[in-house]
Amino acid sequence: MTESIHQTPAEESAGYDPAAIERKWQERWEARGTNHTDLVAGVRPFYALMMFPYPSAEGLHVGNLFAFTGNDIYGRFQRLQGHTVFEPLGFDAFGIHSENFALKVGTHPADLIPRNIDNFRRQLKRSGLMVDWRHELSTTDPDYYRWTQWLFLKLYERGLAYKKRAAVNWCPNDKTVLANEQVINGECERCGAKVEQRFLEQWFFRITDYAGRLLANLDWLDWSESTIQAQRNWIGRSEGAEITFRVQDLEDLTGAATIASGFTGEFSPQPVDIRVFTTRPDTVFGATYLVLAPEHPLVDTFTTDEHRDEVAAYKRRSAKQDLVSRRVSKEKTGVFTGSFAINPATQAPIPIWIADYVLMEYGTGAIMAVPAHDERDFEFANEFDLPIVRVVTPHGSNDMRPPAEAPYLETDSVRLVNSGRFTGLGIADGKQRIIEYLAEHGHARGVVNYRLHDWCISRQRYWGPPIPIIYCDKCGTVPVPEKDLPVVLPYVEDFKPDDTGISPLARVESWYRVSCPTCGGNARRETDVSDTFLDSAWYFLRYPSTDSENVAFDPDITKKWLPVTSYIGGNEHAVLHLLYSRFVTMVLHDAKQVDFEEPFTRFRAHGMIVRDGAKMSKSRGNVVNPDEYIERWGADTFRTYLMFLGAYEEGGDFRDQSIAGVRRFLDRLWSSVERATESGAPDTQVIRKLHQTIKKVSGDLAGLSYNTAIAAMMEYLNVVRRGERQAHRAEVEPLVQLVSPFAPHVAEELWERFGHAESIFDAGWPAFDASLAAEEMATLAVQVAGKTRGRVQVPVGADQEAAVAAAMADPGIAKFVVSTPKKIVFVPGRLLNLVL
RNA sequence: GCCGGGAUGGCGAAACGGGUAGACGCGAGGGACUUAAAAUCCCUUUCCCGCAAGGGAGUCCGGGUUCGAGUCCCGGUCCUGGCACCA
């Protein structure tokens with residue numbers, strides 16, 4: 001029992017030897033298959049999913065481990081509660097990150113990635129996750145991306161994949177397409193050259209067709225509120241109207257328009273209508289000019305000869321600008337087209353301009369400008385001396401002058417002015433009545449717009465799954481037949497993007513030259529690869545079916561295991577990854593491939609872990625390398641510390657000094673178990689505290705409140721050990737179970753020392769006795785006139801009378817009660833307030 | 001600019017339908033054990049006044065509601081994450 005005093009100091013200070021124990025149990029788990037999930041026979045399936053990592057060359061980031069540990073604890077807890085838990089892990093290894101890194105260090109990604117994955121797997125295994133490694137996957141594996149390509153075909157079949165010309169960021173120096181993240185202040189992140197806009201034919205998925213459903217389901221999903229909000233904003237529903245403005249006197253311009261558009265056929269004197277989208281149809285009387293996006297297809301048809309050069313120059317200029325800096329620069333530029341349109345409300349002719357502050361991608365690519373009530377229009381009107389007409393004013397104000405700065409008035413306390421028969425109406429009424437009025441004359445209709453864009457999945461890059469499409473001279477676009485999948489990404493020595501602006505695969509003639517699957521004639525493959533987000537949009541469907549060779553996901557297994565029971569990940573993926581996964585799942589649902597339309601029943605976003613108050617980054621030199629810490633403190637300590645440093649859903653601050661406290665806790669637990677006695681009876685007060693602790697920890701784990709669960713266990717252990725008392729086995733054995741999700745290795749070891757042959761993770765979760773968990777005596781805070789003056793002990797359930805008597809019996813309290821209380825506030829078991 | 005999250009001791013943090021502010025841990029101070037140190041164990045530790053008993057103040061700032069506010073409401077400051085000319 002008191003062996004420890006005979007140990008060498010070094011051994012004693014170590015408390016227990018994590019390295020030996022962790023090795024022992026990791027080996028034993030592997031040998032016993034402890035972490036294997038019986039996907040077929042397992043009862044009460046629980047799919048505990050974590051966002052799979054991108055296997056970087058730097059190795060596992062502590063942020064990954066923070067996320068995974070939190071998920072692992074939750075999974076282990078569910079297992080202990082009787083679920084069959086499936087906790088798979090894989091690698092998101094395609095993409096521009098890997099490719100760029102490989103370029104930088106001069107390795108081939110196909111060589112680099114397996115090394116990185118090996119390193120990640122080693123690190124992950126060391127950290128003691130309950131992962132069933134038999135279901136590991138990598139998105140770069142042809143057995144995986146074969147089905148990514150299959151997924152593309154499913155979308156294509158359903159008309160949800162289409163090709164169109166779209167702008168990309170182009171670095172004229174590196175001669176390559178850049179992702180938006182690679183453009184820093186309008187310059188290439190690598191060489192600093194000014195980035196330009198280029199147009200390429202690209203594949204898109206029609207996610208906008210699903211905007212309404214993607215939005216509506218957010219109402220019932222059990223997800224972190226912040227994530228739901230982010231998705232709502234991203235989908236960006238706005239209600240408004242499409243209003244049609246007719247271009248005036250087009251007859252006079254048609255000759256010019258015909259020439260400009262290269263139109264050589266028969267002239268037909270069709271009037272030209274410009275449709276605009278607005279959320280403020282109530283302000284149509286204040287629309288004093290129209291603005292079209294420079295790339296709007298109608299621009300040339302009504303640009304007058306006089307303005308043709310200027311317009312053409314402006315279009316060239318804005319086309320040259322890269323996508324990012326065009327958004328960043330707020331200066332208003334634009335040119336007049338020379339034409340006028342009729343405002344359908346006022347019948348007045350208003351000038352038509354083009355300007356790059358109007359985006360072709362949103363709405364109709366054209367707006368009616370109401371400079372009095374829109375900040376951007378206001379700036380533009382001031383820049384170019386365009387008229388400003390006030391049409392909204394606060395109640396009771398007779399101010400008809402144009403506002404000095406643009407107030408975006410949309411409240412209950414304003415009314416319309418200068419608006420003909422609608423003057424005097426409120427905003428909501430005005431909107432409705434004006435739409436109705438314009439609609440009668442065919443000038444308007446109510447519409448809903450989303451800011452969500454279709455998903456561009458083409459990447460003019462090498463390191464990704466080739467898009468399974470073949471272009472035939474005769475048959476046109478032909479999807480690769482399913483039986484020919486996968487379209488294997490060839491090993492290409494020179495995968496550097498070049499000045500063609502198209503994928504490196506376009507240089508590999510032996511690969512792209514194929515015969516048409518339909519007619520056998522000359523054909524070539526699509527040489528773009530798909531977006532990494534497509535790889536990760538369905539990986540959760542693959543995990544349970546990694547053994548299925550002939551289907552992407554086995555129908556029976558999928559029915560049993562999906563949708564995912566619990567998904568935990570970072571909010572950096574709140575929008576793209578989670579939205580794309582939802583979209584893909586909905587499509588598969590519509591294609592009768594799965595019987596659910598939402599992939600993740602419950603999602604929780606974990607927080608971010610910083611160090612010494614600042615985000616970890618290589619440049620700051622404050623990156624935590626998990627290996628070092630596991631080496632020094634052991635995986636159990638490291639895991640528990642990560643969970644202790646802050647609220648899981650909020651993140652926390654990593655402090656080197658604080659980790660020692662967690663290690664001390666585990667050391668104390670160890671020594672208490674070592675010294676525990678089985679003779680006699682446990683202390684009843686301690687047992688009472690134990691049951692309270694079980695209750696508290698169970699509740700905290702269910703709510704991911706790991707930090708407070710750990711605090712509760714520490715508090716309990718302090719009670720057990722108070723005054724160097726020897727613990728009874730019955731006092732500490734359940735504590736070992738409570739600790740096991742956090743510190744699985746040491747818990748297994750102690751469990752074995754208690755004489756159990758089975759894994760602690762198959763032993764269930766300790767139950768608490770509600771009557772024991774309840775307190776006998778309550779401490780009541782006593783306030784006199786709202787100030788806390790003392791506390792008294794009363795039996796639980798004591799009534800107000802008893803509480804007052806107890807309070808008045810305390811002279812320290814009674815002395816403040818200088819008059820008869822006017823009012824007594826009594827909260828049973830908590831507080832008594834004597835109001836004088 | 002818009003949308004999230006946040007601000008609590010020397011430090012990381014607790015306080016979950018408004019009800020004992022600071023649980024738990026780190027650090028610090030004191031003590032025990034030791035020839036000594038480390039480790040371990042015990043005590044103290046929000047701040048101010050006081051030898052003490054005790055008293056006062058206190059959760060970013062300013063108001064408000066309430067018997068009672070870290071928590072709710074109004075206004076502001078700062079930090080942090082995301083989006084960004086979305087009509």
# chains A, B, ... in the order shown; residues from 1 in each chain; ligands from 1

$ residues_around --residues "U77 of chain B" --least-positions-apart "3" --cutoff "12 Å" --atoms "only C-alpha atoms (C1' of nucleotides)" --output "list in words"
A7, C60, C61 and G62 of chain B

$ write_last_selection --atoms "C-alpha atoms (C1' of nucleotides)" --output "compact mmCIF listing (two decimals), in the first residue's frame"
# COMPACT_ATOMS: atom_id res chain seq x y z
C1' A B 7 -15.09 41.01 -22.56
C1' C B 60 -15.83 46.43 -20.33
C1' C B 61 -18.43 51.68 -19.94
C1' G B 62 -23.29 54.67 -19.31

$ interface_residues --of "chain B" --to "chain A" --cutoff "8 Å" --atoms "only C-alpha atoms (C1' of nucleotides)" --output "list in words"
C3, G4, G12, A13, A14, G19, U20, A23, C24, G25, C26, A39, C41, C42, C67, G68, G82, A84, C85, C86 and A87 of chain B

$ residues_around --residues "U45 of chain B" --least-positions-apart "4" --cutoff "10 Å" --atoms "only C-alpha atoms (C1' of nucleotides)" --output "number ranges by chain"
B: 9, 28-29

$ write_last_selection --atoms "N, CA and C atoms (P, O5', C5', C4', C3', O3' and C1' of nucleotides)" --output "tab-separated table (two decimals), in the first residue's frame"
chain	number	residue	atom	x	y	z
B	9	G	P	-11.39	40.30	-14.30
B	9	G	O5'	-10.90	39.15	-13.31
B	9	G	C5'	-9.55	39.05	-13.03
B	9	G	C4'	-9.32	39.28	-11.55
B	9	G	C3'	-7.86	39.06	-11.15
B	9	G	O3'	-7.57	39.95	-10.09
B	9	G	C1'	-9.25	37.59	-9.95
B	28	A	P	4.98	29.85	-9.04
B	28	A	O5'	4.38	30.94	-8.05
B	28	A	C5'	4.61	32.33	-8.29
B	28	A	C4'	3.89	33.16	-7.26
B	28	A	C3'	4.22	32.81	-5.80
B	28	A	O3'	5.42	33.41	-5.38
B	28	A	C1'	1.88	32.98	-6.05
B	29	G	P	6.31	32.65	-4.29
B	29	G	O5'	5.50	32.89	-2.94
B	29	G	C5'	5.37	34.21	-2.42
B	29	G	C4'	4.49	34.19	-1.20
B	29	G	C3'	4.86	33.16	-0.14
B	29	G	O3'	5.94	33.59	0.67
B	29	G	C1'	2.55	33.07	-0.53

$ residues_around --residues "Leu772 of chain A" --least-positions-apart "5" --cutoff "12 Å" --atoms "only C-alpha atoms (C1' of nucleotides)" --output "list in words"
Thr684, Gln685, Val686, Ile687, Arg688, Lys689, Leu690, His691, Gln692, Thr693, Ile694, Lys695 and Ala767 of chain A

$ atom_distance --atom1 "atom CA of Gln231 of chain A" --atom2 "atom CA of Leu218 of chain A"
8.2 Å

$ residues_around --residues "Val417 of chain A" --least-positions-apart "5" --cutoff "8 Å" --atoms "only C-alpha atoms (C1' of nucleotides)" --output "PyMOL selection string"
chain A and resi 390-393+400+422-424

$ select_by_dssp --residues "segment 424-633 of chain A" --states "alpha helix (DSSP H)" --output "count of residues only"
56

$ select_by_dssp --residues "segment 84-207 of chain A" --states "strand (DSSP E)" --output "ChimeraX atom specification"
/A:84-86,161-171,176-178,183-184,187-188,196-205

$ atom_distance --atom1 "atom CA of Trp463 of chain A" --atom2 "atom CA of Ile96 of chain A"
6.9 Å

$ residues_around --residues "Asn217 of chain A" --least-positions-apart "5" --cutoff "12 Å" --atoms "only C-alpha atoms (C1' of nucleotides)" --output "list of chain:residue names"
A:Tyr210, A:Ala211, A:Gly212, A:Asp222, A:Trp223, A:Ile228, A:Gln231, A:Arg232, A:Leu579, A:Arg582, A:Phe583, A:Met586, A:Glu597, A:Glu598, A:Pro599, A:Phe600, A:Thr601

$ write_last_selection --atoms "C-alpha atoms" --output "mmCIF file, in the first residue's frame"
data_model
loop_
_atom_site.group_PDB
_atom_site.id
_atom_site.type_symbol
_atom_site.label_atom_id
_atom_site.label_comp_id
_atom_site.auth_asym_id
_atom_site.auth_seq_id
_atom_site.Cartn_x
_atom_site.Cartn_y
_atom_site.Cartn_z
ATOM 1 C CA TYR A 210 -32.263 23.655 -54.047
ATOM 2 C CA ALA A 211 -31.941 27.036 -52.348
ATOM 3 C CA GLY A 212 -35.493 27.007 -51.016
ATOM 4 C CA ASP A 222 -30.556 20.222 -34.619
ATOM 5 C CA TRP A 223 -27.463 22.235 -35.366
ATOM 6 C CA ILE A 228 -27.622 27.730 -39.013
ATOM 7 C CA GLN A 231 -26.089 29.082 -43.763
ATOM 8 C CA ARG A 232 -29.152 31.293 -43.802
ATOM 9 C CA LEU A 579 -24.072 23.174 -47.508
ATOM 10 C CA ARG A 582 -26.680 18.804 -47.705
ATOM 11 C CA PHE A 583 -27.172 19.569 -51.379
ATOM 12 C CA MET A 586 -30.861 16.010 -51.250
ATOM 13 C CA GLU A 597 -32.674 14.291 -47.337
ATOM 14 C CA GLU A 598 -30.515 15.726 -44.577
ATOM 15 C CA PRO A 599 -27.154 14.042 -43.930
ATOM 16 C CA PHE A 600 -26.432 15.272 -40.396
ATOM 17 C CA THR A 601 -29.170 15.043 -37.823
#

$ atom_distance --atom1 "atom CA of Arg604 of chain A" --atom2 "atom CA of Gly82 of chain A"
21.8 Å

$ residues_around --residues "segment 434-446 of chain A" --least-positions-apart "3" --cutoff "8 Å" --atoms "only C-alpha atoms (C1' of nucleotides)" --output "VMD selection string"
chain A and resid 239 to 245 281 to 282 344 to 345 422 430 to 431
